[in-house]
Each structure stands twice: as structure tokens, then as C-alpha cells.
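Just below is one structure, and these are the notes that go with it.
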Protein chains: 2
Amino acid sequence: MSENDCIFCKIAKGQMEAEVVYEEEGVIAFEDINAKTPVHVLVIPREHVPSMAEVGGLPDGITKRLFEVAQAVAEKKGVAESGYAFRINNGPDSGQEVLHLHAHVMGGRRLSMP
Amino acid sequence: MSENDCIFCKIAKGQMEAEVVYEEEGVIAFEDINAKTPVHVLVIPREHVPSMAEVGGLPDGITKRLFEVAQAVAEKKGVAESGYAFRINNGPDSGQEVLHLHAHVMGGRRLSMP
């Protein structure tokens, strides 16, 4: 899949609608349309990086912001205290569906391990 | 829990045994002693950071290395192609047990969402 066909790139560029929870220059967070938990937000770098294998292509500061924005989202959604999982899926066994690196921020109920 | 009582700090300092998969100056990866998947490795910063709320205290380069080392571990353990999840648990609902930031690298079978 090229960057031009990437739905998360389209969301990052404002070319496709999403329920944005937070955004800044290099990172955007939006509601997962197939939410699996009461709180389920995706945090992505705006830059197209398919998966963890290419994460080295991101500026160091952006990788830190992925963590910090996830925490900010958890606070905004009221699950920072109750708890949440930060999960990045990579490849077939994990259920990765979109080949643009994204972190799931999931909370609002007790979370099992995979 | 103070840094002095932290079992992951002890592993990072070589004061407690662990089955180390990979290590470098700022990051260490070791087998989870309660593995929940065929491959289950923990990747941690050596520096004591309790959870995502304090991740800003880490150097930017270390946050990137957490991702890169996870990928390197997945390659070493043979799950980079089949797929794996990178998961950080934060707080009670997530099942976080040790208050030293750690990323679970889980693979080797089909992984459900929490």
C-alpha cells in the first residue's frame, strides 16, 4: 500500500473525516471507528511509517510524543488513573489492519492480555 | 515503590538475574518470567520511569530505542514476520504489576485484542 492509498495519511492530512481527540504538528489522535473498549483512541505519527520495522525513520522527538500524546489522551478521556493499555500491532498475528504505524490507547474497563 | 525496591532496576543493574535477550546502554530486554504467549519479552529503559505519565523524563533517543529494540527482539525471536504486539500497561485496569515502564513484546500465536 502506498502512502497515497493510506487512510490514516488521509486522516492526518484532513482529507478524510475522523473524530479527532488531539492533534499537533507531528502527531494526531482520533477515535477508533471499531472501538473494542469504552475508550479506544488511535495515536499516529502524521508521517507515513508502515510499522515498527520502519520506526527508525521518525525523528526521535516524534517517537517520544507518541507516548506523551497517548498519556494526554488517557487523561482527556478519564482513564489515566483507572488504567489503560498502549498497544501497537505489527503483522498478521497481531491483527494489524492499516499499514500506518498506530498506537491503540484502550481503557474504561478491565483489560485482558492477548 | 522507590527505585531501590524496583525489581526491574535490579535487573537493569545486573543485581537480579534475568534471561537477557538484548541489551545496550539505555535499554535492556529480557524474558517475561510469566510468559503469556510463546514469545514474551519485556523491553525497558534502564532509567527508572514508573509509567507513561513520567515518560517525558526520558531522553528522546531512548523512547525511540524502546521501539527499535522491540523490533530487534521480534526479529531475534522469529516473530517479526508472523507478527507481534508491543504493549505497555498503565495502571490498575491494564494489569500493570511493576511500576517501572516496560513494553511487552508478544508473539508466536494469534493475538486477541484486550
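Here's how to read the names in the C-alpha cells: chain A, B, ... by the order shown, residue numbers from 1 in each chain, ligand numbers from 1 in the order shown.
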
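Within chain B, the backbone-based DSSP assignment of alpha helix (DSSP H) covers Ile7, Phe8, Cys9, Lys10, Ile11, Ala12, Asp60, Gly61, Ile62, Thr63, Lys64, Arg65, Leu66, Phe67, Glu68, Val69, Ala70, Gln71, Ala72, Val73, Ala74, Glu75 and Lys76 of chain B.
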
Region 68-77 of chain B surroundings by only C-alpha atoms, 7 Å radius, close-in-sequence under 2 positions cut, as a ChimeraX atom specification | /A:52-53,55-56 /B:43,64-66,79-80,105

For Gly57 (chain A), please output as a PyMOL selection string all residues within 10 Å (counting only C-alpha atoms; exclusion window: fewer than 5 positions along the same chain).
-> chain A and resi 47-49+52

Near chain B, 8 Å: chain A residue rows, closest pairs, only C-alpha atoms, as CSV:
residue,atom,partner,partner_atom,distance
A:Lys36,CA,B:Met113,CA,7.7
A:Met52,CA,B:Gln71,CA,6.2
A:Ala53,CA,B:Gln71,CA,6.2
A:Val55,CA,B:Glu68,CA,6.9
A:Gly56,CA,B:Glu68,CA,6.8
A:Asp60,CA,B:Asp60,CA,5.3
A:Gly61,CA,B:Asp60,CA,5.4
A:Thr63,CA,B:Lys64,CA,5.4
A:Lys64,CA,B:Thr63,CA,5.4
A:Phe67,CA,B:Met52,CA,6.8
A:Glu68,CA,B:Gly56,CA,6.8
A:Gln71,CA,B:Ala53,CA,6.2
A:Ala80,CA,B:Gly91,CA,7.5
A:Glu81,CA,B:Gly91,CA,6.5
A:Ser82,CA,B:Asp93,CA,5.8
A:Gly83,CA,B:Gly91,CA,4.0
A:Tyr84,CA,B:Ser94,CA,5.3
A:Ala85,CA,B:Asn89,CA,4.7
A:Phe86,CA,B:Ile88,CA,5.1
A:Arg87,CA,B:Arg87,CA,4.3
A:Ile88,CA,B:Phe86,CA,5.1
A:Asn89,CA,B:Ala85,CA,4.7
A:Asn90,CA,B:Gly83,CA,5.2
A:Gly91,CA,B:Gly83,CA,4.0
A:Pro92,CA,B:Gly83,CA,5.2
A:Asp93,CA,B:Arg110,CA,4.5
A:Ser94,CA,B:Leu111,CA,5.2
A:Gly95,CA,B:Leu111,CA,7.2
A:Gly107,CA,B:Asp93,CA,7.2
A:Gly108,CA,B:Asp93,CA,7.7
A:Arg109,CA,B:Asp93,CA,6.3
A:Arg110,CA,B:Asp93,CA,4.5
A:Leu111,CA,B:Pro114,CA,5.1
A:Ser112,CA,B:Pro114,CA,4.7
A:Met113,CA,B:Pro114,CA,5.8
A:Pro114,CA,B:Ser112,CA,4.7

Separation of CA of Gly78 (chain B) from CA of Asp5 (chain A), in Å and rounded to one decimal =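 Value for the CA of Gly78 (chain B)-CA of Asp5 (chain A) distance: 29.6 Å.
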
Tell me, in Å to one decimal, how far CA of Gly14 (chain B) is from CA of Glu31 (chain B).
-> 14.5 Å

Mind checking which residues fall within 7 Å of Ala12 (chain A), counting only C-alpha atoms, ignoring those fewer than 2 positions away in the same chain, and posting them as a list in words?
->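 Residues near the query, excluding close chain neighbours: Phe8, Cys9, Lys10, Gly14, Ile28 and Arg46 of chain A.
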
Go ahead and save the residues from that selection, with N, CA and C atoms, as an mmCIF file, in the first residue's frame.
data_model
loop_
_atom_site.group_PDB
_atom_site.id
_atom_site.type_symbol
_atom_site.label_atom_id
_atom_site.label_comp_id
_atom_site.auth_asym_id
_atom_site.auth_seq_id
_atom_site.Cartn_x
_atom_site.Cartn_y
_atom_site.Cartn_z
ATOM 1 N N PHE A 8 -4.977 6.416 6.993
ATOM 2 C CA PHE A 8 -4.502 7.214 8.135
ATOM 3 C C PHE A 8 -3.748 8.454 7.656
ATOM 4 N N CYS A 9 -3.063 8.351 6.517
ATOM 5 C CA CYS A 9 -2.453 9.555 5.927
ATOM 6 C C CYS A 9 -3.551 10.555 5.556
ATOM 7 N N LYS A 10 -4.646 10.044 5.011
ATOM 8 C CA LYS A 10 -5.754 10.939 4.643
ATOM 9 C C LYS A 10 -6.336 11.630 5.871
ATOM 10 N N GLY A 14 -6.294 15.672 6.865
ATOM 11 C CA GLY A 14 -7.613 16.284 6.879
ATOM 12 C C GLY A 14 -8.425 16.006 5.634
ATOM 13 N N ILE A 28 -1.276 12.907 15.580
ATOM 14 C CA ILE A 28 -2.716 13.134 15.673
ATOM 15 C C ILE A 28 -3.360 11.916 16.349
ATOM 16 N N ARG A 46 1.963 11.731 11.974
ATOM 17 C CA ARG A 46 1.382 12.167 10.691
ATOM 18 C C ARG A 46 2.182 11.601 9.520
#
